[in-house]
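Raw contents of structure_7.cif, mmCIF, C-alpha atoms:
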data_work
loop_
_atom_site.label_atom_id
_atom_site.label_comp_id
_atom_site.auth_asym_id
_atom_site.auth_seq_id
_atom_site.Cartn_x
_atom_site.Cartn_y
_atom_site.Cartn_z
CA MET J 1404 0.55 -14.49 31.43
CA ILE J 1405 2.92 -16.97 33.04
CA LEU J 1406 3.59 -19.41 30.22
CA GLU J 1407 3.60 -19.17 26.48
CA VAL J 1408 4.07 -22.26 24.33
CA GLU J 1409 4.60 -21.48 20.67
CA LYS J 1410 4.44 -24.20 18.04
CA ILE J 1411 6.60 -26.75 19.78
CA ASN J 1412 7.50 -30.01 18.09
CA LEU J 1413 8.79 -32.93 20.12
CA VAL J 1414 10.55 -35.82 18.44
CA TYR J 1415 11.88 -38.95 20.11
CA ARG J 1416 14.48 -41.21 18.63
CA ILE J 1417 13.54 -44.81 19.34
CA PRO J 1418 16.20 -47.43 18.64
CA LEU J 1419 14.00 -50.48 18.50
CA GLN J 1420 15.64 -53.79 19.22
CA ARG J 1421 14.43 -55.74 16.26
CA ARG J 1422 16.77 -58.68 15.89
CA THR J 1423 17.79 -60.86 18.76
CA ASN J 1424 18.97 -64.15 17.28
CA PHE J 1425 21.17 -65.28 14.42
CA ARG J 1426 18.27 -66.46 12.27
CA ASP J 1427 16.64 -63.03 12.31
CA VAL J 1428 19.95 -61.35 11.52
CA PHE J 1429 20.48 -63.70 8.58
CA THR J 1430 17.02 -63.16 7.09
CA SER J 1431 17.27 -59.40 7.46
CA LEU J 1432 20.75 -59.47 5.89
CA VAL J 1433 19.29 -61.20 2.88
CA GLN J 1434 16.25 -58.92 2.74
CA ASP J 1435 17.88 -55.56 3.38
CA PRO J 1436 21.68 -55.68 3.87
CA MET J 1437 22.06 -51.91 4.00
CA ASP J 1438 19.67 -51.51 6.92
CA THR J 1439 21.13 -54.46 8.79
CA LEU J 1440 24.71 -53.28 8.57
CA PHE J 1441 23.89 -49.62 9.22
CA PRO J 1442 20.71 -49.63 11.28
CA ASN J 1443 18.79 -46.43 11.80
CA ALA J 1444 16.40 -45.61 14.63
CA ASP J 1445 12.72 -44.81 14.20
CA TYR J 1446 11.49 -41.35 15.07
CA LEU J 1447 8.32 -40.69 17.02
CA HIS J 1448 6.58 -37.36 16.57
CA VAL J 1449 4.99 -36.64 19.93
CA ALA J 1450 3.85 -33.02 19.82
CA LYS J 1451 2.93 -31.45 16.51
CA ASP J 1452 2.89 -27.65 16.45
CA LEU J 1453 1.41 -27.34 19.91
CA SER J 1454 0.71 -23.83 21.04
CA PHE J 1455 -1.22 -22.54 24.01
CA THR J 1456 -0.85 -20.01 26.79
CA ILE J 1457 -1.46 -20.12 30.51
CA SER J 1458 -2.46 -16.87 32.13
CA GLU J 1459 -2.34 -16.06 35.79
CA GLY J 1460 -4.84 -17.78 38.04
CA GLU J 1461 -5.69 -20.57 35.61
CA ARG J 1462 -5.78 -24.21 36.58
CA ILE J 1463 -5.40 -26.31 33.49
CA GLY J 1464 -6.23 -29.99 33.26
CA LEU J 1465 -4.45 -32.06 30.62
CA LEU J 1466 -6.44 -35.03 29.35
CA GLY J 1467 -5.44 -37.73 26.92
CA VAL J 1468 -4.98 -41.45 26.48
CA ASN J 1469 -1.71 -43.14 27.43
CA GLY J 1470 1.27 -42.27 25.29
CA VAL J 1471 -0.24 -39.17 23.78
CA GLY J 1472 2.48 -36.89 25.11
CA LYS J 1473 1.12 -35.40 28.33
CA THR J 1474 4.19 -36.07 30.45
CA SER J 1475 6.54 -35.14 27.61
CA LEU J 1476 4.81 -31.80 27.29
CA CYS J 1477 5.04 -31.21 31.04
CA ARG J 1478 8.73 -32.09 31.06
CA CYS J 1479 9.29 -29.77 28.14
CA ILE J 1480 7.65 -26.93 30.03
CA ALA J 1481 9.64 -27.72 33.16
CA GLY J 1482 12.84 -27.57 31.12
CA LEU J 1483 13.86 -31.22 31.30
CA PHE J 1484 13.54 -31.72 27.55
CA LEU J 1485 14.40 -29.43 24.71
CA PRO J 1486 11.81 -29.32 21.94
CA LYS J 1487 13.00 -29.87 18.37
CA SER J 1488 11.48 -26.61 17.26
CA GLY J 1489 9.34 -23.89 18.75
CA LYS J 1490 9.57 -21.64 21.78
CA ILE J 1491 8.58 -21.92 25.40
CA LYS J 1492 8.49 -18.62 27.27
CA ARG J 1493 8.30 -18.84 31.04
CA TYR J 1494 7.45 -15.70 32.97
CA GLY J 1495 8.43 -16.71 36.47
CA PRO J 1496 9.54 -19.86 38.26
CA VAL J 1497 8.17 -23.27 37.25
CA ARG J 1498 7.95 -26.11 39.75
CA GLY J 1499 7.20 -29.53 38.37
CA VAL J 1500 6.33 -32.66 40.33
CA PHE J 1501 6.68 -35.82 38.30
CA ASN J 1502 7.45 -38.38 40.91
CA THR J 1503 6.58 -38.28 44.58
CA ALA J 1504 9.24 -40.82 45.52
CA LEU J 1505 12.14 -38.83 44.09
CA GLY J 1506 14.85 -38.02 46.58
CA ILE J 1507 13.14 -39.94 49.35
CA GLN J 1508 15.55 -41.83 51.60
CA PRO J 1509 13.72 -44.87 52.99
CA GLU J 1510 15.93 -45.13 56.06
CA LEU J 1511 15.24 -41.59 57.25
CA THR J 1512 12.11 -40.53 59.10
CA GLY J 1513 9.31 -38.53 57.56
CA ARG J 1514 10.44 -35.31 59.21
CA GLU J 1515 14.02 -35.71 58.01
CA ASN J 1516 12.83 -36.45 54.50
CA ALA J 1517 10.62 -33.38 54.61
CA GLU J 1518 13.65 -31.36 55.67
CA LEU J 1519 15.69 -32.74 52.75
CA LEU J 1520 12.90 -32.00 50.31
CA ALA J 1521 12.40 -28.51 51.68
CA HIS J 1522 16.10 -27.71 51.35
CA PHE J 1523 15.96 -29.14 47.85
CA ILE J 1524 12.90 -27.19 46.71
CA TYR J 1525 13.39 -23.91 48.59
CA PRO J 1526 17.15 -23.37 48.65
CA GLY J 1527 18.27 -20.44 50.74
CA THR J 1528 14.98 -19.92 52.55
CA LYS J 1529 15.36 -18.81 56.16
CA ASP J 1530 12.14 -20.11 57.71
CA ILE J 1531 12.60 -23.70 56.61
CA ASP J 1532 11.70 -25.08 60.05
CA LYS J 1533 8.38 -23.33 59.78
CA ILE J 1534 7.73 -24.86 56.36
CA ILE J 1535 8.53 -28.34 57.64
CA ASP J 1536 6.36 -28.05 60.76
CA GLU J 1537 3.50 -26.69 58.74
CA ALA J 1538 3.85 -29.36 56.07
CA ILE J 1539 3.87 -32.21 58.57
CA GLU J 1540 0.86 -30.77 60.33
CA PHE J 1541 -0.91 -30.43 56.99
CA SER J 1542 -0.09 -33.96 55.90
CA GLU J 1543 -1.90 -35.39 58.98
CA LEU J 1544 0.81 -37.97 59.47
CA GLY J 1545 0.84 -37.34 63.22
CA GLN J 1546 3.17 -39.68 65.09
CA PHE J 1547 4.14 -41.43 61.85
CA ALA J 1548 6.27 -38.39 61.03
CA GLU J 1549 8.93 -39.85 63.33
CA ALA J 1550 8.84 -43.31 61.68
CA PRO J 1551 11.14 -44.34 58.81
CA VAL J 1552 9.67 -43.74 55.38
CA LYS J 1553 10.23 -47.36 54.35
CA LEU J 1554 7.34 -48.25 56.65
CA TYR J 1555 4.99 -45.75 55.00
CA SER J 1556 2.22 -46.69 52.66
CA ASN J 1557 2.18 -45.24 49.16
CA GLY J 1558 -0.47 -42.71 50.09
CA MET J 1559 1.44 -41.47 53.13
CA GLN J 1560 4.52 -40.86 51.03
CA THR J 1561 2.45 -38.92 48.50
CA ARG J 1562 0.91 -36.87 51.31
CA LEU J 1563 4.28 -35.92 52.74
CA CYS J 1564 5.70 -34.93 49.37
CA LEU J 1565 2.67 -32.92 48.28
CA SER J 1566 2.51 -31.09 51.59
CA VAL J 1567 6.09 -29.88 51.27
CA ILE J 1568 5.73 -28.98 47.62
CA SER J 1569 2.58 -26.93 48.05
CA ALA J 1570 3.89 -25.05 51.11
CA ARG J 1571 4.96 -21.87 49.31
CA PRO J 1572 3.54 -20.13 46.24
CA THR J 1573 5.27 -20.46 42.89
CA GLY J 1574 4.85 -19.28 39.34
CA LEU J 1575 3.58 -22.41 37.68
CA LEU J 1576 2.98 -25.69 39.45
CA ILE J 1577 3.04 -28.83 37.30
CA LEU J 1578 1.42 -31.88 38.87
CA ASP J 1579 1.84 -34.97 36.73
CA GLU J 1580 -0.31 -37.80 38.08
CA VAL J 1581 0.93 -37.28 41.60
CA PHE J 1582 -2.41 -37.85 43.28
CA ASP J 1583 -2.55 -41.54 42.41
CA GLY J 1584 -1.52 -42.60 45.89
CA ALA J 1585 -3.55 -40.13 47.90
CA ASP J 1586 -7.15 -40.73 48.92
CA MET J 1587 -10.01 -38.49 47.88
CA PHE J 1588 -10.16 -36.57 51.16
CA PHE J 1589 -6.53 -35.58 50.96
CA ARG J 1590 -6.90 -34.70 47.29
CA GLU J 1591 -9.62 -32.29 48.21
CA LYS J 1592 -7.50 -30.84 50.99
CA VAL J 1593 -4.54 -30.32 48.67
CA SER J 1594 -6.72 -28.81 45.99
CA HIS J 1595 -8.05 -26.34 48.59
CA ARG J 1596 -4.48 -25.48 49.51
CA VAL J 1597 -3.51 -25.13 45.86
CA LEU J 1598 -6.49 -22.86 45.44
CA ARG J 1599 -5.24 -20.72 48.30
CA LEU J 1600 -1.76 -20.62 46.77
CA MET J 1601 -3.27 -19.62 43.46
CA LYS J 1602 -4.62 -16.42 44.93
CA SER J 1603 -1.11 -15.30 45.80
CA SER J 1604 0.45 -16.24 42.47
CA GLY J 1605 0.68 -18.52 39.53
CA GLY J 1606 -1.18 -21.26 37.75
CA VAL J 1607 -1.40 -25.01 37.80
CA LEU J 1608 -0.92 -27.54 35.04
CA PHE J 1609 -2.56 -30.72 36.15
CA VAL J 1610 -2.34 -34.16 34.58
CA SER J 1611 -4.67 -36.80 35.91
CA HIS J 1612 -6.92 -39.63 34.86
CA GLY J 1613 -9.37 -38.81 37.63
CA MET J 1614 -12.22 -36.96 35.96
CA GLU J 1615 -13.86 -35.97 39.25
CA GLN J 1616 -10.62 -34.43 40.41
CA ILE J 1617 -10.22 -32.39 37.24
CA LYS J 1618 -13.84 -31.30 37.38
CA ARG J 1619 -13.34 -30.03 40.91
CA VAL J 1620 -9.94 -28.38 40.57
CA CYS J 1621 -9.53 -27.07 37.04
CA THR J 1622 -10.87 -24.02 35.30
CA ARG J 1623 -9.81 -25.05 31.81
CA VAL J 1624 -9.23 -28.37 30.11
CA LEU J 1625 -6.96 -29.29 27.20
CA VAL J 1626 -7.50 -32.60 25.42
CA LEU J 1627 -4.50 -34.02 23.58
CA HIS J 1628 -4.88 -36.46 20.74
CA ARG J 1629 -2.16 -37.61 18.35
CA GLY J 1630 0.10 -34.77 19.39
CA GLN J 1631 -2.43 -32.03 18.87
CA ILE J 1632 -4.84 -30.13 21.05
CA ILE J 1633 -8.32 -31.08 19.94
CA PHE J 1634 -10.25 -29.38 22.71
CA ASP J 1635 -9.61 -26.25 24.73
CA GLY J 1636 -12.32 -24.94 27.01
CA GLU J 1637 -14.54 -25.46 30.04
CA PRO J 1638 -13.82 -28.51 32.21
CA GLN J 1639 -17.38 -29.82 32.14
CA GLU J 1640 -17.51 -29.77 28.35
CA GLY J 1641 -13.95 -31.02 28.03
CA ILE J 1642 -14.55 -34.08 30.17
CA HIS J 1643 -17.75 -34.80 28.28
CA PHE J 1644 -15.82 -34.46 25.02
CA PHE J 1645 -13.02 -36.70 26.23
CA GLU J 1646 -15.35 -39.40 27.48
CA ASN J 1647 -17.33 -39.49 24.28
CA PHE J 1648 -14.88 -39.08 21.45
CA ASP J 1649 -13.58 -42.02 19.47
CA ARG J 1650 -10.05 -42.61 20.66
CA GLY J 1651 -9.25 -45.11 17.98
CA VAL J 1652 -9.11 -47.92 20.52
CA LYS J 1653 -9.68 -51.20 18.78
CA GLY J 1654 -12.95 -52.90 19.56
CA THR J 1655 -14.75 -49.80 20.80
CA GLU J 1656 -15.86 -48.40 17.47
CA GLY J 1657 -19.44 -47.37 17.78
CA LEU J 1658 -19.39 -47.68 21.55
CA PHE J 1659 -18.73 -44.01 22.04
CA GLN J 1660 -20.93 -41.62 20.16
CA PHE J 1661 -20.93 -37.88 19.95
CA ASP J 1662 -24.61 -37.42 20.78
CA GLY J 1663 -23.91 -37.73 24.46
CA HIS J 1664 -25.28 -41.23 25.05
CA GLN J 1665 -23.02 -44.17 25.56
CA ARG J 1666 -24.30 -47.19 23.75
CA ILE J 1667 -23.07 -50.46 25.11
CA MET Q 234 -2.93 -20.72 -21.16
CA LEU Q 235 -0.55 -23.61 -20.66
CA ARG Q 236 2.44 -21.35 -20.34
CA GLU Q 237 0.63 -19.27 -17.74
CA GLN Q 238 -0.19 -22.38 -15.75
CA LYS Q 239 3.38 -23.53 -15.89
CA ASP Q 240 4.54 -20.15 -14.68
CA PHE Q 241 2.05 -20.34 -11.86
CA PHE Q 242 3.36 -23.69 -10.62
CA ASN Q 243 6.92 -22.48 -10.95
CA LEU Q 244 5.98 -19.44 -8.90
CA MET Q 245 4.55 -21.61 -6.16
CA ALA Q 246 7.91 -23.21 -5.63
CA THR Q 247 9.85 -19.98 -5.45
CA SER Q 248 10.25 -17.55 -2.63
CA GLU Q 249 7.51 -15.30 -3.93
CA PHE Q 250 5.06 -17.80 -2.45
CA LYS Q 251 5.93 -17.37 1.20
CA SER Q 252 3.68 -20.17 2.39
CA LEU Q 253 1.73 -22.92 0.70
CA SER Q 254 -1.67 -23.88 2.06
CA LEU Q 255 -3.07 -27.40 2.07
CA ASP Q 256 -5.36 -26.58 -0.85
CA ASP Q 257 -2.42 -25.31 -2.88
CA PHE Q 258 -0.52 -28.49 -2.10
CA LYS Q 259 -3.47 -30.62 -3.20
CA LEU Q 260 -3.73 -28.58 -6.38
CA LEU Q 261 -0.06 -29.13 -7.10
CA SER Q 262 -0.44 -32.83 -6.41
CA LEU Q 263 -3.35 -33.01 -8.87
CA ALA Q 264 -1.35 -31.10 -11.45
CA LEU Q 265 1.53 -33.52 -11.07
CA GLU Q 266 -0.80 -36.48 -11.45
CA HIS Q 267 -2.32 -34.94 -14.54
CA ARG Q 268 0.92 -34.03 -16.29
CA GLY Q 269 3.22 -36.78 -15.16
CA GLN Q 270 5.99 -34.41 -14.21
CA LEU Q 271 6.60 -30.89 -12.94
CA GLU Q 272 9.56 -28.58 -13.11
CA MET Q 273 10.41 -26.42 -10.15
CA ARG Q 274 13.12 -24.04 -9.16
CA VAL Q 275 14.95 -24.60 -5.89
CA VAL Q 276 15.29 -21.47 -3.79
CA SER Q 277 17.45 -22.54 -0.87
CA GLY Q 278 20.75 -24.32 -0.55
CA SER Q 279 20.02 -27.14 1.87
CA MET Q 280 21.02 -29.79 -0.71
CA GLU Q 281 23.91 -27.63 -1.80
CA PRO Q 282 26.67 -29.80 -3.28
CA LEU Q 283 24.09 -31.71 -5.32
CA ILE Q 284 21.30 -29.25 -6.06
CA MET Q 285 22.46 -25.66 -6.24
CA THR Q 286 20.29 -22.66 -5.46
CA GLY Q 287 18.23 -21.66 -8.47
CA GLU Q 288 18.56 -25.01 -10.19
CA LEU Q 289 15.62 -26.62 -11.95
CA ILE Q 290 14.48 -30.01 -10.74
CA THR Q 291 12.04 -32.45 -12.33
CA ILE Q 292 9.47 -34.04 -10.08
CA LYS Q 293 7.61 -37.24 -10.86
CA LYS Q 294 4.92 -39.10 -8.99
CA ALA Q 295 6.33 -41.99 -6.98
CA THR Q 296 5.41 -45.28 -8.63
CA ALA Q 297 7.66 -47.71 -6.77
CA PRO Q 298 7.70 -47.70 -2.95
CA LEU Q 299 10.02 -45.11 -1.47
CA LYS Q 300 13.54 -46.14 -0.53
CA ARG Q 301 16.31 -44.69 1.61
CA PHE Q 302 18.34 -41.99 -0.22
CA ASP Q 303 15.51 -41.10 -2.61
CA ILE Q 304 15.27 -37.35 -3.08
CA ILE Q 305 11.69 -36.25 -2.50
CA VAL Q 306 9.67 -33.06 -2.48
CA PHE Q 307 7.25 -32.79 0.43
CA TRP Q 308 5.01 -30.28 2.14
CA ASN Q 309 5.98 -29.56 5.73
CA GLY Q 310 2.91 -27.60 6.75
CA ASP Q 311 3.67 -24.30 5.13
CA ARG Q 312 6.15 -24.79 2.29
CA LEU Q 313 7.59 -27.32 -0.11
CA ILE Q 314 10.95 -28.84 0.77
CA CYS Q 315 13.31 -30.91 -1.36
CA HIS Q 316 15.39 -33.30 0.79
CA TYR Q 317 16.61 -36.86 0.69
CA ILE Q 318 15.13 -39.73 2.72
CA GLN Q 319 17.28 -40.69 5.69
CA HIS Q 320 15.03 -43.32 7.16
CA ILE Q 321 11.57 -44.81 6.77
CA ASN Q 322 9.92 -45.71 10.04
CA ARG Q 323 9.28 -49.42 10.36
CA MET Q 324 7.50 -49.87 13.65
CA VAL Q 325 6.23 -46.45 14.59
CA SER Q 326 3.42 -45.29 12.35
CA ASP Q 327 0.98 -42.45 12.50
CA ASP Q 328 -2.56 -43.81 12.10
CA ALA Q 329 -1.45 -46.48 9.60
CA GLN Q 330 0.47 -43.95 7.51
CA LYS Q 331 4.06 -44.42 6.55
CA VAL Q 332 6.32 -41.89 8.25
CA VAL Q 333 9.44 -40.72 6.47
CA ILE Q 334 12.44 -39.02 8.05
CA THR Q 335 14.24 -36.62 5.74
CA GLY Q 336 17.31 -34.44 5.91
CA GLY Q 337 19.39 -32.02 3.90
CA LEU Q 338 22.96 -32.43 2.73
CA LYS Q 339 24.25 -29.10 3.98
CA PHE Q 340 23.39 -29.63 7.65
CA SER Q 341 23.47 -32.96 9.42
CA ASN Q 342 20.25 -32.58 11.43
CA VAL Q 343 17.03 -34.29 10.39
CA ASP Q 344 13.67 -32.66 9.70
CA LEU Q 345 10.45 -33.33 11.51
CA PRO Q 346 8.88 -36.66 10.57
CA CYS Q 347 6.85 -36.37 7.38
CA ARG Q 348 3.72 -38.38 6.71
CA SER Q 349 3.52 -40.06 3.33
CA GLU Q 350 0.36 -38.17 2.37
CA ASN Q 351 2.39 -34.95 2.43
CA ILE Q 352 4.88 -36.18 -0.14
CA LEU Q 353 4.46 -34.56 -3.54
CA GLY Q 354 6.82 -36.72 -5.59
CA ILE Q 355 10.29 -37.98 -6.33
CA VAL Q 356 13.00 -35.87 -7.92
CA SER Q 357 13.99 -37.70 -11.11
CA SER Q 358 16.63 -35.30 -12.37
CA HIS Q 359 19.01 -35.75 -9.44
CA ALA Q 360 20.24 -38.70 -7.41
CA LEU Q 361 22.73 -39.13 -4.58
CA SER Q 362 26.03 -40.62 -5.65
CA PRO Q 363 27.32 -43.78 -3.91
CA LEU Q 364 30.08 -41.76 -2.25
CA THR Q 365 27.58 -39.36 -0.71
CA ARG Q 366 25.50 -42.31 0.52
CA LEU Q 367 28.54 -43.82 2.19
CA LYS Q 368 29.30 -40.47 3.79
CA ILE Q 369 25.76 -40.18 5.13
CA VAL Q 370 25.82 -43.73 6.52
CA THR Q 371 29.11 -43.17 8.31
CA THR Q 372 28.00 -39.87 9.81
CA ASP Q 373 24.83 -41.63 11.01
CA LEU Q 374 26.94 -44.21 12.79
CA TRP Q 375 29.04 -41.50 14.36
CA ARG Q 376 25.97 -39.60 15.54
CA ARG Q 377 24.81 -42.57 17.55
#

Let me see whether you can do it: turn the structure in this file into structure tokens.
Amino acid sequence: MILEVEKINLVYRIPLQRRTNFRDVFTSLVQDPMDTLFPNADYLHVAKDLSFTISEGERIGLLGVNGVGKTSLCRCIAGLFLPKSGKIKRYGPVRGVFNTALGIQPELTGRENAELLAHFIYPGTKDIDKIIDEAIEFSELGQFAEAPVKLYSNGMQTRLCLSVISARPTGLLILDEVFDGADMFFREKVSHRVLRLMKSSGGVLFVSHGMEQIKRVCTRVLVLHRGQIIFDGEPQEGIHFFENFDRGVKGTEGLFQFDGHQRI
Amino acid sequence: MLREQKDFFNLMATSEFKSLSLDDFKLLSLALEHRGQLEMRVVSGSMEPLIMTGELITIKKATAPLKRFDIIVFWNGDRLICHYIQHINRMVSDDAQKVVITGGLKFSNVDLPCRSENILGIVSSHALSPLTRLKIVTTDLWRR
């Protein structure tokens, strides 16, 4: 077991900007003076008593509609947020990738950026030159490695970042929609590499909206809905479940049915 | 028979009932609707200066819409809790349900958001004094 999540609750405080002009302030003063003079923020309950475990060698795909709490959960696991209640037990290092453009200096070349990233991710490692050479070779950037990153396309930047990140094994790798820039061939290549890393150690928590990708990479799928896990099982079934369940999206009632046939 | 029932509902609110299931909560809710009011004993001191440990409170079904500073009894998933309302969500709702933020008097932190279907009723025997309300409002300002 590398991760144990026990009944975590995540709550956001959202100070909504409700009144912008004098007229609104006046009407709200008349309606509810207490709330106008001493405003209070709304609270959003993102994760409700979530609990699951990740054992060694598992690749988990997180599915869910926008705003359901996928990224919040990942950040919680990575240690960026503190949950309001509940426990997260990490057995080993956790490496989370939330943004492939983080720490990238546009004026520097690809190789220099890779060096920065490598020093950032693997502090104190002796064979950092080896990591960088290997990563640049893996990313297939070729002669572009010596060009400034500001000239790169989005996909090239993603390639560079992913190559450095997946160079050495880790306990748990969190990939939060990082493949959006990369093309399908490189995705496959990275997933092969992640697979190879998996054999040495750890698991992967993978957030993506690409169903094909999840089908190919993951061994288990979690579907989040309204802060709760409503499905936990095989990827094939999970994707089928996710594509066919009623997400409460307005205007699609009756479009998605549970019998497996989409009626349009 | 009636006395036994009353004892049963009193028991549910004390520490001898470690956790309250959803069915129990629904049963209590039905009982409250049927009788009009319930008496319960408070077992913890989270509302301490106002409601002491071991004090009896009277619960009634909410007829008017809930307001800030109302003292309510709600079910938080495994037990009943008696706290006051700190805030009622205006914009953010959970599948068209009103979401209520509650807190205790003893500690300044707030509870997890509570959906209005989990609210049992309003405490009619106790109310927050204007001074306490002012104190709460000022501490809220300071917290921000």

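For the point (11.0, -37.7, 53.1) in file coordinates, the residues within 8 Å, using only C-alpha atoms, are Gly1506, Ile1507, Gln1508, Pro1509, Leu1511, Thr1512, Gly1513, Arg1514, Glu1515, Asn1516, Ala1517, Glu1518, Leu1519, Leu1520, Val1552, Gln1560, Leu1563 and Cys1564 of chain J.
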
Applying the PyMOL selection byres ((chain J) within 12 of (chain Q)) to the file I just gave you, which residues come out? Please list them as number ranges by chain. J: 1410-1421, 1435, 1437-1452, 1471, 1486-1489, 1628-1630, 1650-1652

May I have a table of the residues of segment 282-366 of chain Q lying at most 8 Å from segment 270-273 of chain Q, giving each one's closest pair of atoms and their distance in Å to one decimal, counting only C-alpha atoms, ordered by chain and ascending residue number, as a Markdown table?
| residue | atom | partner | partner_atom | distance |
| --- | --- | --- | --- | --- |
| Q:Leu289 | CA | Q:Met273 | CA | 5.5 |
| Q:Ile290 | CA | Q:Met273 | CA | 5.5 |
| Q:Thr291 | CA | Q:Glu272 | CA | 4.7 |
| Q:Ile292 | CA | Q:Leu271 | CA | 5.1 |
| Q:Lys293 | CA | Q:Gln270 | CA | 4.7 |
| Q:Lys294 | CA | Q:Gln270 | CA | 7.1 |

Near-Lys1492 of chain J list (10 Å; all atoms listed in the file; drop same-chain fewer than 2 positions) as a list in words: Met1404, Ile1405, Leu1406, Glu1407, Val1408, Glu1409, Thr1456, Ile1480, Lys1490, Tyr1494 and Gly1495 of chain J

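Atom CA of Gln1639 of chain J is found 25.4 Å from atom CA of Gly1499 of chain J.
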
Run the PyMOL selection byres ((chain Q and resi 275) around 9) mentally over the shown coordinates, then write out the matched residues as an mmCIF file with C-alpha atoms, in the coordinates of the input, using the chain letters and numbers from the document.
data_model
loop_
_atom_site.group_PDB
_atom_site.id
_atom_site.type_symbol
_atom_site.label_atom_id
_atom_site.label_comp_id
_atom_site.auth_asym_id
_atom_site.auth_seq_id
_atom_site.Cartn_x
_atom_site.Cartn_y
_atom_site.Cartn_z
ATOM 1 C CA ALA Q 246 7.910 -23.210 -5.630
ATOM 2 C CA THR Q 247 9.850 -19.980 -5.450
ATOM 3 C CA MET Q 273 10.410 -26.420 -10.150
ATOM 4 C CA ARG Q 274 13.120 -24.040 -9.160
ATOM 5 C CA VAL Q 276 15.290 -21.470 -3.790
ATOM 6 C CA SER Q 277 17.450 -22.540 -0.870
ATOM 7 C CA GLY Q 278 20.750 -24.320 -0.550
ATOM 8 C CA ILE Q 284 21.300 -29.250 -6.060
ATOM 9 C CA MET Q 285 22.460 -25.660 -6.240
ATOM 10 C CA THR Q 286 20.290 -22.660 -5.460
ATOM 11 C CA GLY Q 287 18.230 -21.660 -8.470
ATOM 12 C CA GLU Q 288 18.560 -25.010 -10.190
ATOM 13 C CA LEU Q 289 15.620 -26.620 -11.950
ATOM 14 C CA ILE Q 290 14.480 -30.010 -10.740
ATOM 15 C CA ILE Q 314 10.950 -28.840 0.770
ATOM 16 C CA CYS Q 315 13.310 -30.910 -1.360
#

List the residues matched by the PyMOL selection byres ((chain J and resi 1569-1585) around 8) in the displayed structure as a PyMOL selection string, ordered by chain and then by residue number. chain J and resi 1405+1474+1477+1481+1494-1503+1534+1537-1538+1557-1559+1561-1562+1565-1568+1586-1587+1589-1590+1593+1596-1597+1600-1601+1603-1612

Interatomic distance, atom CA of Leu338 of chain Q to atom CA of His316 of chain Q (Å, one decimal): 7.9 Å

Separation of atom CA of Leu261 of chain Q from atom CA of Leu283 of chain Q, in Å and rounded to one decimal: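 Those two atoms sit 24.4 Å apart.
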
Near-Phe302 of chain Q list (8 Å; all atoms listed in the file; drop same-chain fewer than 6 positions) as a ChimeraX atom specification: /Q:317-319,361,366

Identify which of the residues Q:Ile305, Q:Leu263, Q:Pro298, Q:Leu253 lies closest to Ser358 of chain Q, counting only C-alpha atoms when measuring atom-to-atom distances.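 Closest residue, counting only C-alpha atoms: Q:Ile305.
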